[in-house]
file start_24.cif (mmCIF, C-alpha atoms)
data_input
#
loop_
_atom_site.label_atom_id
_atom_site.label_comp_id
_atom_site.auth_asym_id
_atom_site.auth_seq_id
_atom_site.Cartn_x
_atom_site.Cartn_y
_atom_site.Cartn_z
CA MET A 1 53.62 85.43 178.41
CA ASP A 2 57.03 86.76 179.44
CA VAL A 3 58.67 83.54 178.23
CA GLN A 4 57.05 83.89 174.80
CA THR A 5 58.11 87.53 174.59
CA GLU A 6 61.65 86.62 175.57
CA GLN A 7 61.76 83.85 172.93
CA GLY A 8 60.43 86.25 170.31
CA ASP A 9 63.08 88.80 171.15
CA SER A 10 65.68 86.04 171.05
CA TYR A 11 64.69 84.96 167.55
CA THR A 12 64.63 88.57 166.43
CA ASP A 13 68.15 89.11 167.76
CA ASN A 14 69.30 85.94 166.00
CA LEU A 15 67.79 87.15 162.74
CA ILE A 16 69.42 90.59 163.05
CA GLY A 17 72.82 89.08 163.86
CA THR A 18 72.57 86.57 161.00
CA LEU A 19 71.61 89.21 158.45
CA LEU A 20 74.39 91.50 159.65
CA ALA A 21 76.96 88.70 159.38
CA ILE A 22 75.80 87.77 155.87
CA PHE A 23 75.81 91.42 154.82
CA GLY A 24 79.30 91.91 156.24
CA SER A 25 80.67 88.81 154.51
CA VAL A 26 79.25 89.88 151.15
CA ILE A 27 80.59 93.43 151.49
CA VAL A 28 84.06 92.18 152.47
CA SER A 29 84.12 89.87 149.43
CA ILE A 30 83.10 92.73 147.14
CA SER A 31 85.77 94.99 148.64
CA LEU A 32 88.51 92.39 148.15
CA SER A 33 87.42 91.92 144.53
CA ILE A 34 87.53 95.69 144.00
CA GLN A 35 91.04 95.85 145.42
CA LYS A 36 92.12 92.92 143.28
CA TYR A 37 90.65 94.65 140.23
CA SER A 38 92.64 97.75 141.17
CA HIS A 39 95.88 95.75 141.34
CA VAL A 40 95.18 94.07 137.99
CA LYS A 41 94.41 97.34 136.21
CA LEU A 42 97.48 98.99 137.71
CA ALA A 43 99.66 96.12 136.48
CA GLU A 44 98.19 96.39 132.98
CA THR A 45 98.91 100.12 132.70
CA LYS A 46 102.52 99.62 133.90
CA GLU A 47 102.37 102.90 135.77
CA HIS A 48 105.05 103.56 138.36
CA ARG A 49 102.75 104.31 141.28
CA THR A 50 101.71 102.41 144.36
CA PHE A 51 98.31 100.78 144.74
CA TYR A 52 97.23 103.00 147.63
CA ASN A 53 97.34 106.02 145.31
CA THR A 54 94.39 104.68 143.31
CA LYS A 55 90.78 105.60 144.07
CA THR A 56 89.60 102.06 143.35
CA TRP A 57 91.78 100.58 146.08
CA TRP A 58 90.54 103.10 148.65
CA CYS A 59 86.97 102.36 147.62
CA GLY A 60 87.61 98.70 148.38
CA PHE A 61 89.18 99.64 151.71
CA MET A 62 86.07 101.61 152.71
CA PHE A 63 83.90 98.61 151.88
CA ILE A 64 86.16 96.44 154.05
CA CYS A 65 85.61 98.76 157.00
CA ILE A 66 81.85 98.66 156.49
CA GLY A 67 81.78 94.87 156.17
CA GLU A 68 83.99 94.22 159.18
CA GLY A 69 81.91 96.68 161.18
CA ALA A 70 78.76 94.72 160.33
CA ASN A 71 80.48 91.47 161.34
CA PHE A 72 81.55 93.07 164.62
CA VAL A 73 78.02 94.21 165.48
CA SER A 74 76.53 90.83 164.52
CA TYR A 75 78.27 89.20 167.51
CA ALA A 76 76.24 91.43 169.86
CA PHE A 77 72.97 89.92 168.57
CA ALA A 78 73.63 86.33 167.49
CA PRO A 79 75.58 83.52 169.21
CA ILE A 80 79.14 82.79 168.12
CA ALA A 81 78.08 79.36 166.86
CA VAL A 82 75.78 81.03 164.31
CA VAL A 83 78.01 83.92 163.23
CA ALA A 84 81.35 82.09 162.89
CA PRO A 85 80.29 79.50 160.26
CA LEU A 86 78.77 82.30 158.15
CA ASN A 87 82.27 83.07 156.88
CA ALA A 88 81.44 80.47 154.24
CA VAL A 89 79.25 83.14 152.65
CA SER A 90 82.39 85.17 152.00
CA VAL A 91 83.99 82.24 150.18
CA LEU A 92 80.82 81.73 148.15
CA THR A 93 80.56 85.40 147.20
CA SER A 94 84.25 85.67 146.29
CA SER A 95 83.98 82.69 143.98
CA ILE A 96 80.87 84.06 142.24
CA LEU A 97 82.51 87.47 141.81
CA GLY A 98 85.48 85.70 140.28
CA PHE A 99 83.19 84.60 137.45
CA LEU A 100 81.26 87.83 137.03
CA PHE A 101 83.27 90.81 138.20
CA LEU A 102 86.84 89.71 137.55
CA ARG A 103 85.98 87.53 134.54
CA GLU A 104 88.10 84.62 135.67
CA LYS A 105 87.33 82.20 132.86
CA SER A 106 88.69 78.80 131.92
CA LYS A 107 88.70 76.74 128.78
CA ALA A 108 85.46 75.09 127.74
CA LYS A 109 86.87 71.60 128.13
CA ASP A 110 87.88 72.33 131.72
CA PHE A 111 84.60 74.01 132.70
CA ALA A 112 82.73 70.87 133.76
CA LYS A 113 85.72 69.55 135.67
CA SER A 114 86.73 72.65 137.64
CA HIS A 115 83.63 74.82 137.80
CA GLY A 116 81.33 71.85 138.25
CA LEU A 117 82.94 71.24 141.64
CA ALA A 118 82.50 74.92 142.48
CA PHE A 119 78.77 74.82 141.68
CA LEU A 120 78.40 71.70 143.81
CA GLY A 121 80.20 73.55 146.59
CA TYR A 122 77.72 76.43 146.23
CA ILE A 123 74.84 74.03 146.86
CA PHE A 124 76.52 72.55 149.92
CA ILE A 125 77.28 75.99 151.37
CA ILE A 126 73.73 77.27 150.85
CA GLY A 127 72.18 74.09 152.27
CA GLY A 128 74.58 73.96 155.20
CA THR A 129 74.02 77.62 156.00
CA TYR A 130 70.28 77.06 156.12
CA LEU A 131 70.69 74.11 158.47
CA PHE A 132 73.06 75.61 161.03
CA VAL A 133 71.17 78.93 161.08
CA SER A 134 67.80 77.21 161.53
CA PHE A 135 68.97 74.69 164.14
CA GLY A 136 71.74 76.75 165.73
CA PRO A 137 71.69 77.83 169.38
CA ASN A 138 69.16 80.45 170.38
CA SER A 139 70.53 81.33 173.81
CA HIS A 140 70.91 85.01 174.66
CA GLU A 141 71.94 86.91 177.74
CA LYS A 142 72.69 90.52 178.52
CA LEU A 143 76.47 90.81 178.26
CA GLN A 144 76.89 93.03 181.26
CA ALA A 145 80.30 93.36 182.84
CA GLU A 146 79.23 91.27 185.85
CA ASN A 147 78.05 88.41 183.64
CA ILE A 148 81.28 88.40 181.63
CA VAL A 149 83.39 88.29 184.80
CA LYS A 150 81.19 85.48 186.10
CA HIS A 151 81.85 83.47 182.93
CA LEU A 152 85.54 84.30 182.98
CA VAL A 153 86.21 82.97 186.50
CA GLY A 154 84.19 79.78 186.02
CA TRP A 155 86.21 76.57 186.15
CA PRO A 156 85.21 75.38 182.63
CA VAL A 157 86.54 78.60 181.13
CA LEU A 158 89.70 78.53 183.25
CA LEU A 159 90.38 74.94 182.24
CA TYR A 160 89.70 75.76 178.59
CA MET A 161 92.01 78.76 178.67
CA LEU A 162 94.75 76.72 180.37
CA LEU A 163 94.56 74.04 177.66
CA GLU A 164 94.61 76.71 174.97
CA ILE A 165 97.69 78.39 176.43
CA ILE A 166 99.53 75.08 176.70
CA ALA A 167 98.61 74.09 173.13
CA PHE A 168 99.55 77.52 171.79
CA CYS A 169 102.97 77.51 173.50
CA PHE A 170 103.61 73.96 172.32
CA LEU A 171 102.78 74.79 168.68
CA LEU A 172 104.66 78.08 168.82
CA TYR A 173 107.78 76.31 170.10
CA PHE A 174 107.78 73.85 167.20
CA TYR A 175 107.00 76.60 164.71
CA LYS A 176 109.75 78.98 165.85
CA GLN A 177 112.43 76.72 167.30
CA ARG A 178 111.99 73.54 165.22
CA ASN A 179 111.08 75.32 161.97
CA ALA A 180 107.86 73.31 161.70
CA ASN A 181 106.40 75.46 158.90
CA TYR A 182 103.56 73.05 158.26
CA LEU A 183 100.22 74.49 157.20
CA VAL A 184 98.37 72.65 159.97
CA VAL A 185 100.70 74.02 162.65
CA ILE A 186 100.38 77.64 161.51
CA LEU A 187 96.61 77.49 161.07
CA LEU A 188 96.16 75.85 164.46
CA LEU A 189 97.92 78.89 165.91
CA VAL A 190 95.52 81.10 163.93
CA ALA A 191 92.50 79.13 165.16
CA LEU A 192 93.60 79.28 168.80
CA LEU A 193 93.98 83.04 168.53
CA GLY A 194 90.69 83.20 166.66
CA SER A 195 88.84 81.57 169.55
CA VAL A 196 90.12 84.34 171.81
CA THR A 197 89.11 86.89 169.19
CA VAL A 198 85.47 85.77 168.98
CA ILE A 199 85.13 85.64 172.78
CA THR A 200 86.46 89.16 173.19
CA VAL A 201 84.62 90.54 170.16
CA LYS A 202 81.29 89.30 171.50
CA ALA A 203 82.05 90.75 174.94
CA VAL A 204 83.13 94.14 173.60
CA SER A 205 80.27 94.44 171.10
CA GLY A 206 77.73 93.32 173.70
CA MET A 207 78.93 95.89 176.24
CA LEU A 208 78.96 98.62 173.60
CA LEU A 209 75.38 97.76 172.66
CA LEU A 210 74.27 97.97 176.29
CA THR A 211 76.08 101.30 176.61
CA LEU A 212 74.18 102.67 173.63
CA GLU A 213 70.94 101.48 175.22
CA GLY A 214 71.74 103.51 178.33
CA ALA A 215 73.50 101.04 180.66
CA MET A 216 77.09 102.26 180.85
CA GLN A 217 79.59 99.40 180.64
CA LEU A 218 82.74 101.14 179.40
CA ASP A 219 83.97 102.16 182.85
CA TYR A 220 84.39 98.56 184.02
CA PRO A 221 87.94 97.14 183.96
CA ILE A 222 86.76 94.00 182.18
CA PHE A 223 85.89 96.09 179.12
CA SER A 224 89.47 97.39 178.83
CA VAL A 225 90.85 93.88 179.34
CA MET A 226 88.61 92.42 176.64
CA PHE A 227 89.35 95.27 174.25
CA VAL A 228 93.15 94.90 174.60
CA CYS A 229 92.93 91.12 174.19
CA MET A 230 90.73 91.58 171.11
CA VAL A 231 93.17 93.94 169.40
CA ALA A 232 96.22 91.81 170.25
CA SER A 233 94.63 88.55 169.10
CA VAL A 234 93.48 90.11 165.81
CA ILE A 235 96.96 91.47 165.06
CA PHE A 236 98.79 88.21 165.76
CA GLN A 237 96.09 86.18 164.03
CA ALA A 238 96.49 88.23 160.85
CA ARG A 239 100.26 87.89 161.08
CA PHE A 240 100.22 84.08 161.30
CA LEU A 241 97.59 83.86 158.57
CA SER A 242 99.72 85.99 156.27
CA GLN A 243 102.69 83.70 156.89
CA ALA A 244 100.56 80.66 156.08
CA CYS A 245 99.46 82.18 152.76
CA ASN A 246 103.05 83.07 151.87
CA LEU A 247 104.41 79.60 152.61
CA HIS A 248 101.53 77.53 151.23
CA ASP A 249 98.80 77.59 148.62
CA PRO A 250 96.40 80.44 149.58
CA SER A 251 93.32 78.49 148.46
CA LEU A 252 94.24 75.51 150.63
CA ALA A 253 95.09 77.84 153.50
CA ALA A 254 91.69 79.54 153.20
CA CYS A 255 89.86 76.21 153.29
CA VAL A 256 91.76 74.77 156.26
CA ASN A 257 91.63 78.07 158.12
CA TYR A 258 87.85 78.24 157.75
CA ILE A 259 87.43 74.72 159.11
CA PHE A 260 89.82 75.15 162.05
CA SER A 261 88.61 78.66 162.96
CA THR A 262 84.95 77.64 162.86
CA ILE A 263 85.51 74.58 165.05
CA PHE A 264 87.50 76.49 167.65
CA ALA A 265 85.05 79.41 167.60
CA VAL A 266 82.04 77.15 168.15
CA VAL A 267 83.81 75.35 171.00
CA ALA A 268 84.79 78.70 172.55
CA GLY A 269 81.21 79.94 172.41
CA ALA A 270 79.92 76.69 173.92
CA VAL A 271 82.43 76.83 176.80
CA PHE A 272 82.51 80.55 177.57
CA TYR A 273 78.93 81.64 176.85
CA LEU A 274 77.23 78.22 177.31
CA GLU A 275 75.47 78.58 173.95
CA PHE A 276 74.43 74.91 173.65
CA GLN A 277 73.33 74.47 177.26
CA LYS A 278 69.59 74.53 176.49
CA GLU A 279 69.72 72.84 173.09
CA ASP A 280 68.42 69.31 172.50
CA VAL A 281 70.25 66.52 170.70
CA LEU A 282 68.32 66.93 167.43
CA HIS A 283 69.18 70.61 167.10
CA ILE A 284 72.83 69.93 167.88
CA CYS A 285 73.05 67.12 165.31
CA MET A 286 71.39 69.22 162.60
CA PHE A 287 73.72 72.11 163.44
CA LEU A 288 76.74 69.81 163.09
CA LEU A 289 75.38 68.48 159.79
CA GLY A 290 74.97 71.99 158.43
CA SER A 291 78.50 72.91 159.52
CA ALA A 292 79.89 69.76 157.88
CA LEU A 293 78.12 70.62 154.62
CA CYS A 294 79.66 74.10 154.73
CA PHE A 295 83.10 72.59 155.32
CA LEU A 296 82.67 70.32 152.30
CA GLY A 297 81.32 73.18 150.18
CA VAL A 298 84.23 75.48 151.04
CA PHE A 299 86.65 72.65 150.25
CA LEU A 300 85.10 72.10 146.81
CA VAL A 301 85.02 75.83 146.01
CA THR A 302 88.63 76.45 147.01
CA LYS A 303 89.79 73.23 145.35
CA SER A 304 88.41 74.38 142.00
CA ARG A 305 90.29 77.69 142.09
CA LYS A 306 93.12 78.08 139.64
CA LYS A 307 96.44 78.42 141.41
CA ALA A 308 98.19 81.72 140.87
CA LYS A 309 101.62 81.54 139.25
CA ILE A 310 104.44 83.57 140.68
CA PHE A 311 106.76 85.11 138.12
CA GLU A 312 110.32 83.85 138.10
CA PRO A 313 113.07 84.84 135.66
CA TYR A 314 113.60 82.25 132.96
CA VAL A 315 115.44 81.75 129.67
CA THR A 316 114.03 80.78 126.28
CA MET A 317 115.79 80.03 123.01
CA ASP A 318 115.07 82.49 120.21
CA VAL A 319 115.21 80.25 117.14
CA ALA A 320 115.31 83.08 114.65
CA ASN A 321 118.44 84.62 116.11
CA GLY A 322 119.90 81.53 117.70
CA VAL A 323 120.53 83.24 121.04
CA PRO A 324 118.92 82.69 124.44
CA THR A 325 116.56 85.35 125.74
CA ILE A 326 116.36 86.13 129.46
CA HIS A 327 112.92 87.16 130.78
CA ASP A 328 113.42 89.03 134.04
CA ASN A 329 111.21 92.11 133.87
CA GLY A 330 108.04 90.46 135.09
CA LEU A 331 106.04 91.43 132.00
CA ALA A 332 105.91 87.95 130.54
CA VAL A 333 104.24 85.11 132.39
CA GLN A 334 106.35 82.06 132.90
CA PRO A 335 104.65 79.24 130.99
CA ASP A 336 104.28 75.62 131.92
CA TYR A 337 106.37 72.73 130.74
CA ASN A 338 105.06 71.09 127.59
CA GLY A 339 108.08 69.15 126.41
CA SER A 340 109.78 71.80 124.25
CA PHE A 341 113.37 72.86 124.52
CA SER A 342 114.35 75.92 126.54
CA TYR A 343 115.97 76.70 129.84
CA GLY A 344 113.89 76.94 133.01
CA ALA A 345 110.43 77.29 131.52
CA LEU A 346 110.98 74.67 128.81
CA VAL A 347 108.84 76.57 126.32
CA ASN A 348 109.28 79.51 123.99
CA ASN A 349 107.14 82.49 124.94
CA ASP A 350 108.21 84.96 122.26
CA GLY A 351 105.77 84.01 119.54
CA VAL A 352 108.48 81.94 117.83
CA ALA A 353 108.22 78.22 117.33
CA PRO A 354 109.98 76.37 120.14
CA ALA A 355 113.47 75.18 119.38
CA THR A 356 113.80 71.43 119.22
CA LEU A 357 116.93 69.63 120.19
CA PRO A 358 118.65 68.08 117.13
CA VAL A 359 119.23 64.37 117.26
CA ASN A 360 122.84 64.42 116.04
CA LEU A 361 124.78 67.26 117.54
CA GLU A 362 128.48 67.43 116.67
CA HIS A 363 130.16 69.43 119.39
CA PRO A 364 133.85 70.30 119.00
CA THR A 365 135.91 68.44 121.55
CA VAL A 366 138.16 70.52 123.72
CA ALA A 367 141.24 68.77 124.99
CA VAL A 368 142.36 69.45 128.52
CA ARG A 369 145.96 70.44 129.04
CA GLY A 370 148.03 67.52 130.13
CA THR A 371 145.77 64.85 128.61
CA ASP A 372 145.88 63.05 125.30
CA PRO A 373 143.35 63.97 122.64
CA PRO A 374 140.68 61.41 121.81
CA HIS A 375 141.39 58.93 119.06
CA GLY A 376 140.78 60.43 115.64
CA GLN A 377 140.58 63.99 116.94
CA PRO A 378 143.28 66.56 116.12
CA ASP A 379 145.13 68.14 118.99
CA LEU A 380 144.08 71.70 119.72
CA LYS A 381 146.92 74.14 119.84
CA THR A 382 146.95 77.56 121.27
CA ASP A 383 148.65 80.43 119.55
#
call {"tool": "encode", "arguments": {"input": "start_24.cif", "output": "structure tokens"}}
result
Amino acid sequence: MDVQTEQGDSYTDNLIGTLLAIFGSVIVSISLSIQKYSHVKLAETKEHRTFYNTKTWWCGFMFICIGEGANFVSYAFAPIAVVAPLNAVSVLTSSILGFLFLREKSKAKDFAKSHGLAFLGYIFIIGGTYLFVSFGPNSHEKLQAENIVKHLVGWPVLLYMLLEIIAFCFLLYFYKQRNANYLVVILLLVALLGSVTVITVKAVSGMLLLTLEGAMQLDYPIFSVMFVCMVASVIFQARFLSQACNLHDPSLAACVNYIFSTIFAVVAGAVFYLEFQKEDVLHICMFLLGSALCFLGVFLVTKSRKKAKIFEPYVTMDVANGVPTIHDNGLAVQPDYNGSFSYGALVNNDGVAPATLPVNLEHPTVAVRGTDPPHGQPDLKTD
């Protein structure tokens, strides 16, 4: 009878943690869309004020705090292996909001090609989420300070942490000293820090939950250690992720980061909290299948996103006036190359027909001092 009650409580905790993680991911996606909408509207009005002076941006920031708070609490109820892959819900929600809220539309002829992949990715994400939530680990323990210290000093955790430190130092050396600014290198650094983040987040949230239930855990030194490690890992993780998005395509970075972070988080939960210790082979295989479907779905969704174009100054030829026009104020969007004649952008963006290069151009020949003029050309004399 006690075993059945314990299993029922375990499933209830899993359900609460899963719903909190899904709710947090959706809220974070909505908040980012609100902030993006604020930036777009501010750019359209051409007002000389910063984004943090707008009410819309602060509204999005408040939603971010609520969503991240829900994600934080979810780790106290559900295993890391269930919560970490649920970040795919954020990718799914952001893509849907791109169609509805931000009205990111494409041409009709490109709809089946680009958005068809996105819809297929939606199906994979929903199906994969159902699989890894249904067959994910259901192991729970009271995260008291003594239990966390017991896990921390175990030889599997010590070996895992040693390998992580060696790998992190190795990658950091190549990134900083050898200028290896590859996307894989940077996101591996993010994933290694992310594994530390999920371990510490689960420990801190679990001890806070026990404290609220009446069992004080905040006066143990392990709580302070976990809290400091959590804050430090989050800060450096965000820093490396920002560098990856600045150096590489953000959509590709989001896809690879989700895959790497999920893998390292699941491994960290399995090693530190022994989440798969009581699971059978069938449940593990179905969990891996669901995770793989989510990886494929996130790849298809991010692959179908239209790449953002960064404005660069360029020159076009104004045919009406016969003079080049320099675009450097950021108001015009630099167009793509389509074979027309202009400098840099290779297209006219002023509403004037693009200038074509004449076939027979007769340029006056300028003779260089000290050389003979070409045959048939008069010598140029200076006054």
call {"tool": "residues_around", "arguments": {"input": "start_24.cif", "residues": "range 119-131 of chain A", "least_positions_apart": "4", "cutoff": "8 Å", "atoms": "only C-alpha atoms", "output": "list of chain:residue names"}}
result
A:Pro85, A:Leu86, A:Ala88, A:Val89, A:Leu92, A:His115, A:Phe135, A:Gly136, A:Met286, A:Phe287, A:Leu289, A:Gly290, A:Ser291, A:Ala292, A:Leu293, A:Cys294, A:Phe295, A:Leu296, A:Gly297, A:Val298, A:Phe299, A:Leu300, A:Val301
call {"tool": "axis_aligned_box", "arguments": {"input": "start_24.cif", "around": "range 195-213 of chain A", "padding_each_side": "5 Å", "output": "JSON"}}
result
{"center_x": 80.5, "center_y": 92.1, "center_z": 172.8, "size_x": 29.2, "size_y": 31.1, "size_z": 17.6}
call {"tool": "resolve_selection", "arguments": {"input": "start_24.cif", "expression": "the PyMOL selection byres ((chain A and resi 179-194) around 6)", "output": "ChimeraX atom specification"}}
result
/A:174-178,195-197,233,237,257,260-261
call {"tool": "atom_distance", "arguments": {"input": "start_24.cif", "atom1": "CA of Phe61 in chain A", "atom2": "CA of Cys245 in chain A"}}
result
20.3 Å
call {"tool": "residues_around", "arguments": {"input": "start_24.cif", "residues": "Ala21 in chain A", "least_positions_apart": "3", "cutoff": "8 Å", "atoms": "all atoms listed in the file", "output": "ChimeraX atom specification"}}
result
/A:17-18,24-25,70-71,74,83,86
call {"tool": "atom_distance", "arguments": {"input": "start_24.cif", "atom1": "CA of Leu241 in chain A", "atom2": "CA of Val256 in chain A"}}
result
11.0 Å
call {"tool": "resolve_selection", "arguments": {"input": "start_24.cif", "expression": "the PyMOL selection byres ((chain A and resi 251) around 10)", "output": "list in words"}}
result
Cys245, His248, Asp249, Pro250, Leu252, Ala253, Ala254, Cys255, Val256, Asn257, Val298, Phe299, Val301, Thr302, Lys303, Ser304, Arg305, Lys306, Lys307 and Ala308 of chain A
call {"tool": "closest_residue", "arguments": {"input": "start_24.cif", "among": "A:Ile235, A:Ile80, A:Val281, A:Met216", "to": "Val201 in chain A", "atoms": "only C-alpha atoms"}}
result
A:Ile80
call {"tool": "atom_distance", "arguments": {"input": "start_24.cif", "atom1": "CA of His283 in chain A", "atom2": "CA of Val91 in chain A"}}
result
25.3 Å
call {"tool": "closest_residue", "arguments": {"input": "start_24.cif", "among": "A:Leu152, A:Tyr11, A:Pro221, A:Ala78", "to": "Val271 in chain A", "atoms": "all atoms listed in the file"}}
result
A:Leu152
call {"tool": "residues_near_point", "arguments": {"input": "start_24.cif", "point": "(89.8, 103.2, 148.7)", "cutoff": "6 Å", "atoms": "all atoms listed in the file", "output": "PyMOL selection string"}}
result
chain A and resi 55-62
call {"tool": "write_last_selection", "arguments": {"input": "start_24.cif", "atoms": "C-alpha atoms", "output": "PDB file, in the coordinates of the input"}}
result
ATOM      1  CA  LYS A  55      90.780 105.600 144.070  1.00  0.00           C
ATOM      2  CA  THR A  56      89.600 102.060 143.350  1.00  0.00           C
ATOM      3  CA  TRP A  57      91.780 100.580 146.080  1.00  0.00           C
ATOM      4  CA  TRP A  58      90.540 103.100 148.650  1.00  0.00           C
ATOM      5  CA  CYS A  59      86.970 102.360 147.620  1.00  0.00           C
ATOM      6  CA  GLY A  60      87.610  98.700 148.380  1.00  0.00           C
ATOM      7  CA  PHE A  61      89.180  99.640 151.710  1.00  0.00           C
ATOM      8  CA  MET A  62      86.070 101.610 152.710  1.00  0.00           C
TER       9      MET A  62
END
call {"tool": "closest_residue", "arguments": {"input": "start_24.cif", "among": "A:Ala270, A:Leu20, A:Leu159, A:Ile222", "to": "Ala76 in chain A", "atoms": "all atoms listed in the file"}}
result
A:Leu20
call {"tool": "closest_residue", "arguments": {"input": "start_24.cif", "among": "A:Glu164, A:Gln144, A:Arg239, A:Ile34", "to": "Glu213 in chain A", "atoms": "all atoms listed in the file"}}
result
A:Gln144
call {"tool": "closest_residue", "arguments": {"input": "start_24.cif", "among": "A:Asn14, A:Gln277, A:Ser29, A:Thr54", "to": "Ser95 in chain A", "atoms": "all atoms listed in the file"}}
result
A:Ser29
call {"tool": "resolve_selection", "arguments": {"input": "start_24.cif", "expression": "the PyMOL selection byres ((chain A and resi 67) around 6)", "output": "list in words"}}
result
Gly24, Ile27, Val28, Ile64, Cys65, Ile66, Glu68, Gly69 and Ala70 of chain A
call {"tool": "closest_residue", "arguments": {"input": "start_24.cif", "among": "A:Val73, A:Ala203, A:Leu100, A:Pro137", "to": "Glu279 in chain A", "atoms": "all atoms listed in the file"}}
result
A:Pro137
